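**Q** The structure under discussion is supplied below as structure tokens; questions concerning it will follow.
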Amino acid sequence: MMLQSEAVKQKPMRSPSSWSILWREIVRDKLALISLIFLVITMAFVYGISLILNQSEIVKVDLFAIHEPPSENFLLGTDYGGRDVFGQLIIGTRNSISIGILVTLISGIVGIIMGVVSGYFGGTVDNILMRILDFFMILPTLMIVIVFVSVVPNYGVMSFSFIMSAFLWMGIARLIRSKALQEKELDYVQASKTLGSSHLKIIFTQVLPNISSLIIVTMTLNLAANIGLESGLSFLGFGFPESTPSLGTLVSYARNPQTLEYRWWIWLPASLLILILMLSINNVGQALKRATDAKQRRG
Amino acid sequence: MSNKKFRWLFFALVTAFVMILAACNESTSQTEEEPETETESGETETNETEETAEETEEEPEDTEQADGLYSIDNFSNVKGEDATPIEGGELTFGLVSDTAFDGILNFNFYDGDPDAQVLEWFDEGMLTWDENYVYTNDGAATYTMSEDNKTATITIRDNVNWHDGEPVKAEDLLFAHEVIADPEYDGVRFDGTLRNVEGIEEYHNGEADTISGIEIVDEKTLKITYKEATPSLITGGIWTYPLAKHIFGEMNVADIPSSPEVRQNPIGFGPFKVESIVPGESVVYTKNEDYWRGEPKLDKVTLKVVNPNVVVESLKNGEVDLVSSFPVDQFPDNAEMANVTWLGVTDRAYTYIGFKLGKWDEENSVNVYDPESKMANVNLRKAMAHALDNNTVGERFYHGLRWAGTTLIPPSHPEYHDSENPGLAYDPELAKQLLDEAGYVDTNGDNFREDPEGNELVINFASMSGGEIAEPLVQYYIQAWGQIGLNVQMLDGRLHEFNSFYDRVEADDEAIDIYQAAWSVGIDVDPGGLWGEQTFYNMTRWTNEENTRLIEEGLSEAAFDLETRIKTYKDWQQLMVEEVPAFPTVYRAILVPVNNRVQNYAIGDGTGIYRHQLAVSAEAAETAE
């Protein structure tokens, strides 16, 4: 008996893992917790429902149901093509969130690799990579995106995400590089080098995990911005065709003064949803950010 | 080509509003009409004709029917004198456009409709026309045609003077011809109409010092002889815009469009004079007391550019009294606007769907029909026309302000439009039957028909973006075709911007099988400007002998007889219904709101109301509560 309880006691007290710190911070911050729950529910709902919704049925033009106000048949009314706004909202939210996540992931991965490689190796490698980065920074992004968007033969969620990502990896790359520059001077990296670890191993199994909290925080905050990306472009008239609904296409119907003034049900739900989604993600992101800094933690 | 089209800034638009090249004030449909998009065209014509003293029709009280539909029949195109006008007064005219006007303010040089709107306040053509677009003798000049219909004698009235007091002379009109035919002239007016003047080609090529076909009889009279006598001559075939020789005579032709006399202090002989111009934004006019029809009633007119997004608000708060055009899609929500009267007229335009059936032969400037093209089967084309329910489209999308088209001559030309020809009306069962007969059947069970050889049939449909209803309309058409088993896809999966759309359609892009476009018909009904064998704008590239024969016949000397010409065009309309290189989808109405205080205003042709009669019944514009 004694031995057993001894064994339990002897189990070393590990310092809390970075995951548990993040989690604890979110739980302590009521706003962030509510935001997170809202996000999870929304996403589950949207992705779940859209599995059973028939997109081609929803975007089908119905001449006899144009501009119907909300009713039992159409929970949120219909738009100027007689299409159900509620269905479009579900599919639109799914598309917009997918874009946000895809863009964040793609640009994040590219940015992290560029940043870590350039920070870790330094010298000429750093120089070359940073000049490439500078080149991308000075491009008039919006114009180029618009051009790409109008020439791609197959305009959909995937192609849009790739186009956007091509111009959005620079910020994160800079951030990661500066962190990697600090990190590589630390003793554990030097020790690992002395022991003969390969660069790849050091970068991916040692440096990266050590800057993972920074990565998580940046990516989360980026996600909020990226959901809005597509909406902005749609509003300018370069969004998806109406057969691919998104939050942006719904909001852009409000460019018509008549819709704006008389038919709130078309654009208001989507606008509110964008606002709430972005706020929620931001709340979670802020909580995560605090978690990475011991001085600011609440938990 | 590109200078003929207007670029539009799509960024800020709500209603993408397309300017058409409005060159056609006084030309045949031959050349200068530019197709418009699915939006409201901004083209209006002040048409000065019979001085039938103000016959004003009563505006019907209730324009709306119980089912929420409107009909163009319930709109008058004239707002007469329903209240006592005050002495003098000022008025604001809204030029509805989302871009600035170019500011080439001379009829001999301007290029776009917005400029024409500015021009029409202070300048005019010498001949006016009636509601059938035939020249009358009520304008600043009178004319007679010779026996052989080749020579027009034009006599300018004695009291017609330029704004600077100089009389308008015969040599000014000759000078206009000389400038336009000058090799250095870079405008768009040197076209089929003017090339018909005898000796003008030689002058243009530098082989002659004078235009042999134009003869000055005396200071106010000249004779113009044409190479060919066609009925088009008296429906827009005479160039009637003089150019003030005492001002422009010494200039290089190439410098005229950029001269201050065109840009800053333009000159004309119309009812108002230009007082000041803010380039691209506004123009202030004062009355021309010396106007030949009599002193205008208004003291001052201000023209300003109004964005289509804010036109409703501007009208409501009385900021503008009149507008050049009004976006039809905003009408139903504003039909009850208290402070305006709505005028309406049938637009000289139609929207159509064309089938790509050949190629443009650049070398010989001729359309070459390709019987092997994808859409070459006439039953397939007919079936596609029968599949569309355009009446419902007009009722649902446009609240009745557009309605199903039947033939390729719109009802805006009542003499020639064959109202008895039903066209290819909505009949999906007939459509399916036609496809079955032609051998288009579904062989692989994917619910879409394959072509007679059993290959998959995918039809690529090009259409323009812009215009409120563009996208659902295209979606609806694709659905309707889907229902008769045709697999139609949007070209590249999206709508195309105005300029790139026309670039691709005109260049016979291989990927395009069918396209939707709009065309505004010239004042002369001659369809050769869009459907002729040698017409570049015949973007279907379809042509056959019968078509060419009928178009030529419509312009021949025999066609001076109205009955013959009507018969010819009836045959032509029937031919186009049988061969279906294209079919009209909808005809359209133009609606223009006019503030209640405005008196004596009319839109459309042949109304006999002129701008010098325009008056107001109150100092300030009425506002909506």
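Just remember, in the structure tokens the first chain shown is A, the second B, etc., residues are 1-based per chain, and ligands are 1-based in the order shown.
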Taking the DSSP assignment computed from this structure's backbone, write out as a list in words all residues of segment 442-512 of chain B that belong to strand (DSSP E or B).
**A**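 Here are the strand (DSSP E or B) residues of segment 442-512 of chain B: Glu450, Glu456, Val458, Ile459, Asn460, Phe461, Ala462, Met464, Asn487, Val488, Gln489, Met490 and His496 of chain B.
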**Q** Given the selection you just returned, output its residues as a file containing N, CA and C atoms, formatted as a compact mmCIF listing (two decimals), in the first residue's frame.
**A**
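Listing of result-v2.txt after writing:
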# COMPACT_ATOMS: atom_id res chain seq x y z
N GLU B 450 -27.71 14.48 -75.97
CA GLU B 450 -26.47 14.46 -76.74
C GLU B 450 -26.80 14.91 -78.16
N GLU B 456 -21.47 14.34 -76.32
CA GLU B 456 -22.03 15.21 -75.28
C GLU B 456 -22.18 16.61 -75.84
N VAL B 458 -22.49 20.38 -74.79
CA VAL B 458 -22.44 21.42 -73.76
C VAL B 458 -22.41 22.76 -74.48
N ILE B 459 -23.38 23.59 -74.18
CA ILE B 459 -23.48 24.88 -74.86
C ILE B 459 -22.98 25.97 -73.93
N ASN B 460 -22.02 26.75 -74.39
CA ASN B 460 -21.45 27.79 -73.54
C ASN B 460 -22.14 29.12 -73.80
N PHE B 461 -22.61 29.69 -72.74
CA PHE B 461 -23.46 30.86 -72.81
C PHE B 461 -22.70 32.06 -72.25
N ALA B 462 -22.45 33.06 -73.08
CA ALA B 462 -21.74 34.25 -72.61
C ALA B 462 -22.76 35.34 -72.32
N MET B 464 -23.35 39.30 -70.02
CA MET B 464 -22.66 40.41 -69.37
C MET B 464 -23.03 40.55 -67.92
N ASN B 487 -27.75 21.04 -71.93
CA ASN B 487 -26.76 21.38 -70.93
C ASN B 487 -26.09 22.69 -71.32
N VAL B 488 -26.55 23.77 -70.73
CA VAL B 488 -25.98 25.09 -71.04
C VAL B 488 -25.18 25.54 -69.84
N GLN B 489 -23.98 26.02 -70.08
CA GLN B 489 -23.12 26.48 -69.00
C GLN B 489 -22.77 27.94 -69.22
N MET B 490 -22.63 28.66 -68.11
CA MET B 490 -22.11 30.02 -68.24
C MET B 490 -20.67 29.93 -68.70
N HIS B 496 -19.53 38.22 -67.63
CA HIS B 496 -18.35 38.91 -68.10
C HIS B 496 -18.57 40.41 -68.13
**Q** Which residues are near Asn108 of chain B? Cut-off 9 Å, only C-alpha atoms, ignore same chain within fewer than 3 positions. Put them as a ChimeraX atom specification.
**A** /B:105,176,179-180,187-189,241-243
**Q** Using the selection just defined, write its residues with N, CA and C atoms as a PDB file, in the first residue's frame.
**A**
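Done, and the output landed in selection_2.pdb:
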ATOM      1  N   LEU B 105     -17.858  68.661 -76.744  1.00  0.00           N
ATOM      2  CA  LEU B 105     -19.182  69.228 -76.888  1.00  0.00           C
ATOM      3  C   LEU B 105     -19.419  69.790 -78.280  1.00  0.00           C
ATOM      4  N   ALA B 176     -18.896  71.206 -92.181  1.00  0.00           N
ATOM      5  CA  ALA B 176     -19.036  70.011 -91.333  1.00  0.00           C
ATOM      6  C   ALA B 176     -18.707  68.757 -92.134  1.00  0.00           C
ATOM      7  N   VAL B 179     -14.919  68.635 -92.749  1.00  0.00           N
ATOM      8  CA  VAL B 179     -14.119  68.285 -91.574  1.00  0.00           C
ATOM      9  C   VAL B 179     -14.234  66.793 -91.287  1.00  0.00           C
ATOM     10  N   ILE B 180     -15.458  66.271 -91.369  1.00  0.00           N
ATOM     11  CA  ILE B 180     -15.636  64.852 -91.043  1.00  0.00           C
ATOM     12  C   ILE B 180     -14.943  63.975 -92.081  1.00  0.00           C
ATOM     13  N   GLY B 187     -12.834  61.226 -85.326  1.00  0.00           N
ATOM     14  CA  GLY B 187     -14.089  60.860 -84.660  1.00  0.00           C
ATOM     15  C   GLY B 187     -14.725  59.656 -85.321  1.00  0.00           C
ATOM     16  N   VAL B 188     -15.961  59.399 -84.988  1.00  0.00           N
ATOM     17  CA  VAL B 188     -16.621  58.185 -85.481  1.00  0.00           C
ATOM     18  C   VAL B 188     -17.693  58.474 -86.521  1.00  0.00           C
ATOM     19  N   ARG B 189     -17.789  59.727 -86.975  1.00  0.00           N
ATOM     20  CA  ARG B 189     -18.914  60.053 -87.841  1.00  0.00           C
ATOM     21  C   ARG B 189     -18.706  59.690 -89.311  1.00  0.00           C
ATOM     22  N   TYR B 241     -25.782  68.509 -88.926  1.00  0.00           N
ATOM     23  CA  TYR B 241     -25.191  69.316 -87.862  1.00  0.00           C
ATOM     24  C   TYR B 241     -24.098  70.213 -88.436  1.00  0.00           C
ATOM     25  N   PRO B 242     -24.362  71.488 -88.595  1.00  0.00           N
ATOM     26  CA  PRO B 242     -23.355  72.372 -89.161  1.00  0.00           C
ATOM     27  C   PRO B 242     -22.227  72.621 -88.163  1.00  0.00           C
ATOM     28  N   LEU B 243     -21.114  73.063 -88.691  1.00  0.00           N
ATOM     29  CA  LEU B 243     -19.964  73.384 -87.840  1.00  0.00           C
ATOM     30  C   LEU B 243     -19.585  74.830 -88.168  1.00  0.00           C
TER      31      LEU B 243
END
**Q** For the alpha helix (DSSP H) assignment from backbone DSSP, which residues of segment 48-212 of chain A qualify? Please present them as a PyMOL selection string.
**A** chain A and resi 48-52+55-58+85-121+123-138+141-151+157-166+170-184+187-194+199-201+208-210+212
**Q** Within 9 Å of Val474 of chain B, counting only C-alpha atoms, which residues qualify if same-chain residues fewer than 5 places away don't, as JSON, numbers by chain?
**A** {"B": [461, 463, 469, 479, 490, 495, 516]}
**Q** What lies within 8 Å of segment 183-189 of chain A using only C-alpha atoms, ignoring chain neighbours under 2 positions off, as a list in words?
**A**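 What passes the distance filter is Gly119, Tyr120, Lys179, Ala180, Leu181, Ala191, Ser192, Lys193, Ile202, Gln206 and Val207 of chain A.
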**Q** Please measure the separation of atom CA of Thr230 of chain B and atom CA of Leu555 of chain B, giving the value in Å to one decimal.
**A** 5.0 Å
**Q** Determine, counting only C-alpha atoms, which protein, DNA and RNA residues have an atom within 9 Å of an atom of segment 135-152 of chain B; residues of the same chain fewer than 4 positions away are not included. Present the result as a JSON list (two decimals) with N, CA and C atoms, in the first residue's frame.
**A**
[["chain", "number", "residue", "atom", "x", "y", "z"],
["B", 48, "GLU", "N", -37.40, 66.95, -82.61],
["B", 48, "GLU", "CA", -38.18, 68.14, -82.89],
["B", 48, "GLU", "C", -38.95, 67.88, -84.16],
["B", 49, "THR", "N", -40.21, 67.97, -84.07],
["B", 49, "THR", "CA", -41.02, 67.66, -85.25],
["B", 49, "THR", "C", -42.20, 68.59, -85.38],
["B", 50, "GLU", "N", -43.24, 67.99, -85.85],
["B", 50, "GLU", "CA", -44.43, 68.76, -86.16],
["B", 50, "GLU", "C", -44.77, 69.73, -85.06],
["B", 51, "GLU", "N", -45.12, 70.89, -85.48],
["B", 51, "GLU", "CA", -45.52, 71.83, -84.46],
["B", 51, "GLU", "C", -46.99, 71.65, -84.14],
["B", 124, "GLU", "N", -28.56, 71.78, -81.91],
["B", 124, "GLU", "CA", -29.54, 70.86, -82.48],
["B", 124, "GLU", "C", -29.23, 70.63, -83.94],
["B", 125, "GLY", "N", -29.88, 69.61, -84.49],
["B", 125, "GLY", "CA", -29.74, 69.36, -85.91],
["B", 125, "GLY", "C", -30.64, 70.30, -86.68],
["B", 126, "MET", "N", -30.39, 70.45, -87.97],
["B", 126, "MET", "CA", -31.18, 71.40, -88.73],
["B", 126, "MET", "C", -32.51, 70.83, -89.18],
["B", 127, "LEU", "N", -32.58, 69.51, -89.25],
["B", 127, "LEU", "CA", -33.85, 68.90, -89.62],
["B", 127, "LEU", "C", -34.40, 68.14, -88.42],
["B", 128, "THR", "N", -35.70, 68.13, -88.31],
["B", 128, "THR", "CA", -36.32, 67.36, -87.24],
["B", 128, "THR", "C", -37.06, 66.20, -87.89],
["B", 129, "TRP", "N", -37.53, 65.27, -87.06],
["B", 129, "TRP", "CA", -38.25, 64.14, -87.63],
["B", 129, "TRP", "C", -39.52, 63.85, -86.85],
["B", 130, "ASP", "N", -40.42, 63.14, -87.50],
["B", 130, "ASP", "CA", -41.70, 62.84, -86.86],
["B", 130, "ASP", "C", -41.64, 61.48, -86.16],
["B", 156, "ILE", "N", -31.78, 76.82, -95.05],
["B", 156, "ILE", "CA", -31.75, 77.18, -93.63],
["B", 156, "ILE", "C", -32.63, 78.41, -93.44],
["B", 157, "ARG", "N", -33.40, 78.44, -92.36],
["B", 157, "ARG", "CA", -34.25, 79.60, -92.11],
["B", 157, "ARG", "C", -33.41, 80.84, -91.85],
["B", 158, "ASP", "N", -34.00, 81.97, -92.18],
["B", 158, "ASP", "CA", -33.25, 83.22, -92.09],
["B", 158, "ASP", "C", -32.86, 83.59, -90.67],
["B", 159, "ASN", "N", -33.74, 83.24, -89.71],
["B", 159, "ASN", "CA", -33.48, 83.71, -88.35],
["B", 159, "ASN", "C", -32.66, 82.73, -87.51],
["B", 160, "VAL", "N", -32.01, 81.79, -88.17],
["B", 160, "VAL", "CA", -31.20, 80.83, -87.41],
["B", 160, "VAL", "C", -29.79, 81.37, -87.28],
["B", 213, "GLY", "N", -20.22, 66.39, -104.58],
["B", 213, "GLY", "CA", -21.66, 66.23, -104.44],
["B", 213, "GLY", "C", -22.34, 67.35, -103.69],
["B", 222, "LEU", "N", -28.15, 74.88, -99.76],
["B", 222, "LEU", "CA", -27.18, 74.01, -100.42],
["B", 222, "LEU", "C", -27.85, 72.73, -100.89],
["B", 223, "LYS", "N", -27.18, 72.14, -101.88],
["B", 223, "LYS", "CA", -27.69, 70.90, -102.46],
["B", 223, "LYS", "C", -26.69, 69.81, -102.17],
["B", 224, "ILE", "N", -27.16, 68.69, -101.67],
["B", 224, "ILE", "CA", -26.28, 67.55, -101.44],
["B", 224, "ILE", "C", -26.75, 66.40, -102.31],
["B", 225, "THR", "N", -25.85, 65.86, -103.10],
["B", 225, "THR", "CA", -26.19, 64.75, -103.97],
["B", 225, "THR", "C", -25.58, 63.48, -103.41],
["B", 226, "TYR", "N", -26.38, 62.43, -103.40],
["B", 226, "TYR", "CA", -25.92, 61.16, -102.85],
["B", 226, "TYR", "C", -25.69, 60.15, -103.95],
["B", 227, "LYS", "N", -24.80, 59.21, -103.67],
["B", 227, "LYS", "CA", -24.49, 58.20, -104.66],
["B", 227, "LYS", "C", -25.68, 57.30, -104.90],
["B", 228, "GLU", "N", -26.31, 56.88, -103.79],
["B", 228, "GLU", "CA", -27.42, 55.96, -103.94],
["B", 228, "GLU", "C", -28.66, 56.53, -103.29],
["B", 229, "ALA", "N", -29.77, 56.35, -103.98],
["B", 229, "ALA", "CA", -31.03, 56.79, -103.39],
["B", 229, "ALA", "C", -31.57, 55.66, -102.53],
["B", 230, "THR", "N", -31.73, 55.88, -101.25],
["B", 230, "THR", "CA", -32.33, 54.86, -100.39],
["B", 230, "THR", "C", -33.34, 55.55, -99.50],
["B", 231, "PRO", "N", -34.33, 54.79, -99.06],
["B", 231, "PRO", "CA", -35.32, 55.40, -98.16],
["B", 231, "PRO", "C", -34.68, 55.87, -96.85],
["B", 233, "LEU", "N", -32.30, 57.75, -96.58],
["B", 233, "LEU", "CA", -31.85, 59.14, -96.69],
["B", 233, "LEU", "C", -32.74, 60.07, -95.89],
["B", 234, "ILE", "N", -34.04, 59.87, -96.01],
["B", 234, "ILE", "CA", -34.93, 60.80, -95.32],
["B", 234, "ILE", "C", -35.28, 60.33, -93.92],
["B", 235, "THR", "N", -34.70, 59.22, -93.47],
["B", 235, "THR", "CA", -34.88, 58.84, -92.08],
["B", 235, "THR", "C", -33.51, 58.79, -91.42],
["B", 236, "GLY", "N", -32.80, 59.87, -91.54],
["B", 236, "GLY", "CA", -31.53, 59.94, -90.82],
["B", 236, "GLY", "C", -30.31, 59.86, -91.70],
["B", 238, "ILE", "N", -29.16, 62.09, -93.79],
["B", 238, "ILE", "CA", -28.53, 63.38, -94.14],
["B", 238, "ILE", "C", -27.82, 63.90, -92.91],
["B", 292, "TRP", "N", -34.23, 80.65, -82.68],
["B", 292, "TRP", "CA", -35.05, 80.87, -83.87],
["B", 292, "TRP", "C", -36.50, 80.49, -83.70],
["B", 293, "ARG", "N", -36.79, 79.57, -82.77],
["B", 293, "ARG", "CA", -38.19, 79.22, -82.55],
["B", 293, "ARG", "C", -38.88, 80.23, -81.64],
["B", 557, "GLU", "N", -34.56, 51.60, -104.26],
["B", 557, "GLU", "CA", -35.46, 52.68, -104.66],
["B", 557, "GLU", "C", -36.91, 52.25, -104.56],
["B", 560, "PHE", "N", -38.90, 53.15, -101.50],
["B", 560, "PHE", "CA", -39.44, 54.48, -101.21],
["B", 560, "PHE", "C", -40.94, 54.39, -101.03]]
**Q** May I have the residues of chain A within 8 Å of chain B, counting only C-alpha atoms, written as a PyMOL selection string?
**A** chain A and resi 60-64+66+80-81+153-155+236-237+241-242+255-258
**Q** For Phe162 of chain A, find every residue with an atom within 9 Å (counting only C-alpha atoms), except residues of its own chain fewer than 2 positions away, and show them as a PDB file with C-alpha atoms, in the first residue's frame.
**A**
ATOM      1  CA  LEU A 102      -8.070  27.449 -45.915  1.00  0.00           C
ATOM      2  CA  VAL A 103      -6.451  30.824 -46.447  1.00  0.00           C
ATOM      3  CA  ILE A 106      -2.129  27.856 -46.583  1.00  0.00           C
ATOM      4  CA  SER A 107      -0.709  31.281 -45.914  1.00  0.00           C
ATOM      5  CA  VAL A 157     -13.535  28.164 -52.943  1.00  0.00           C
ATOM      6  CA  MET A 158     -10.236  26.394 -53.612  1.00  0.00           C
ATOM      7  CA  SER A 159      -8.899  28.637 -56.339  1.00  0.00           C
ATOM      8  CA  PHE A 160      -9.923  31.720 -54.429  1.00  0.00           C
ATOM      9  CA  MET A 164      -5.565  35.035 -51.617  1.00  0.00           C
ATOM     10  CA  SER A 165      -2.940  32.990 -49.800  1.00  0.00           C
ATOM     11  CA  ALA A 166      -0.341  33.901 -52.372  1.00  0.00           C
TER      12      ALA A 166
END
**Q** Compile the contact shell of segment 260-267 of chain A as a PyMOL selection string: residues with an atom at most 10 Å away, counting only C-alpha atoms, same-chain residues fewer than 3 positions apart removed.
**A** (chain A and resi 67-70+75-80+84-86+88-89+247-257+270-272) or (chain B and resi 333)
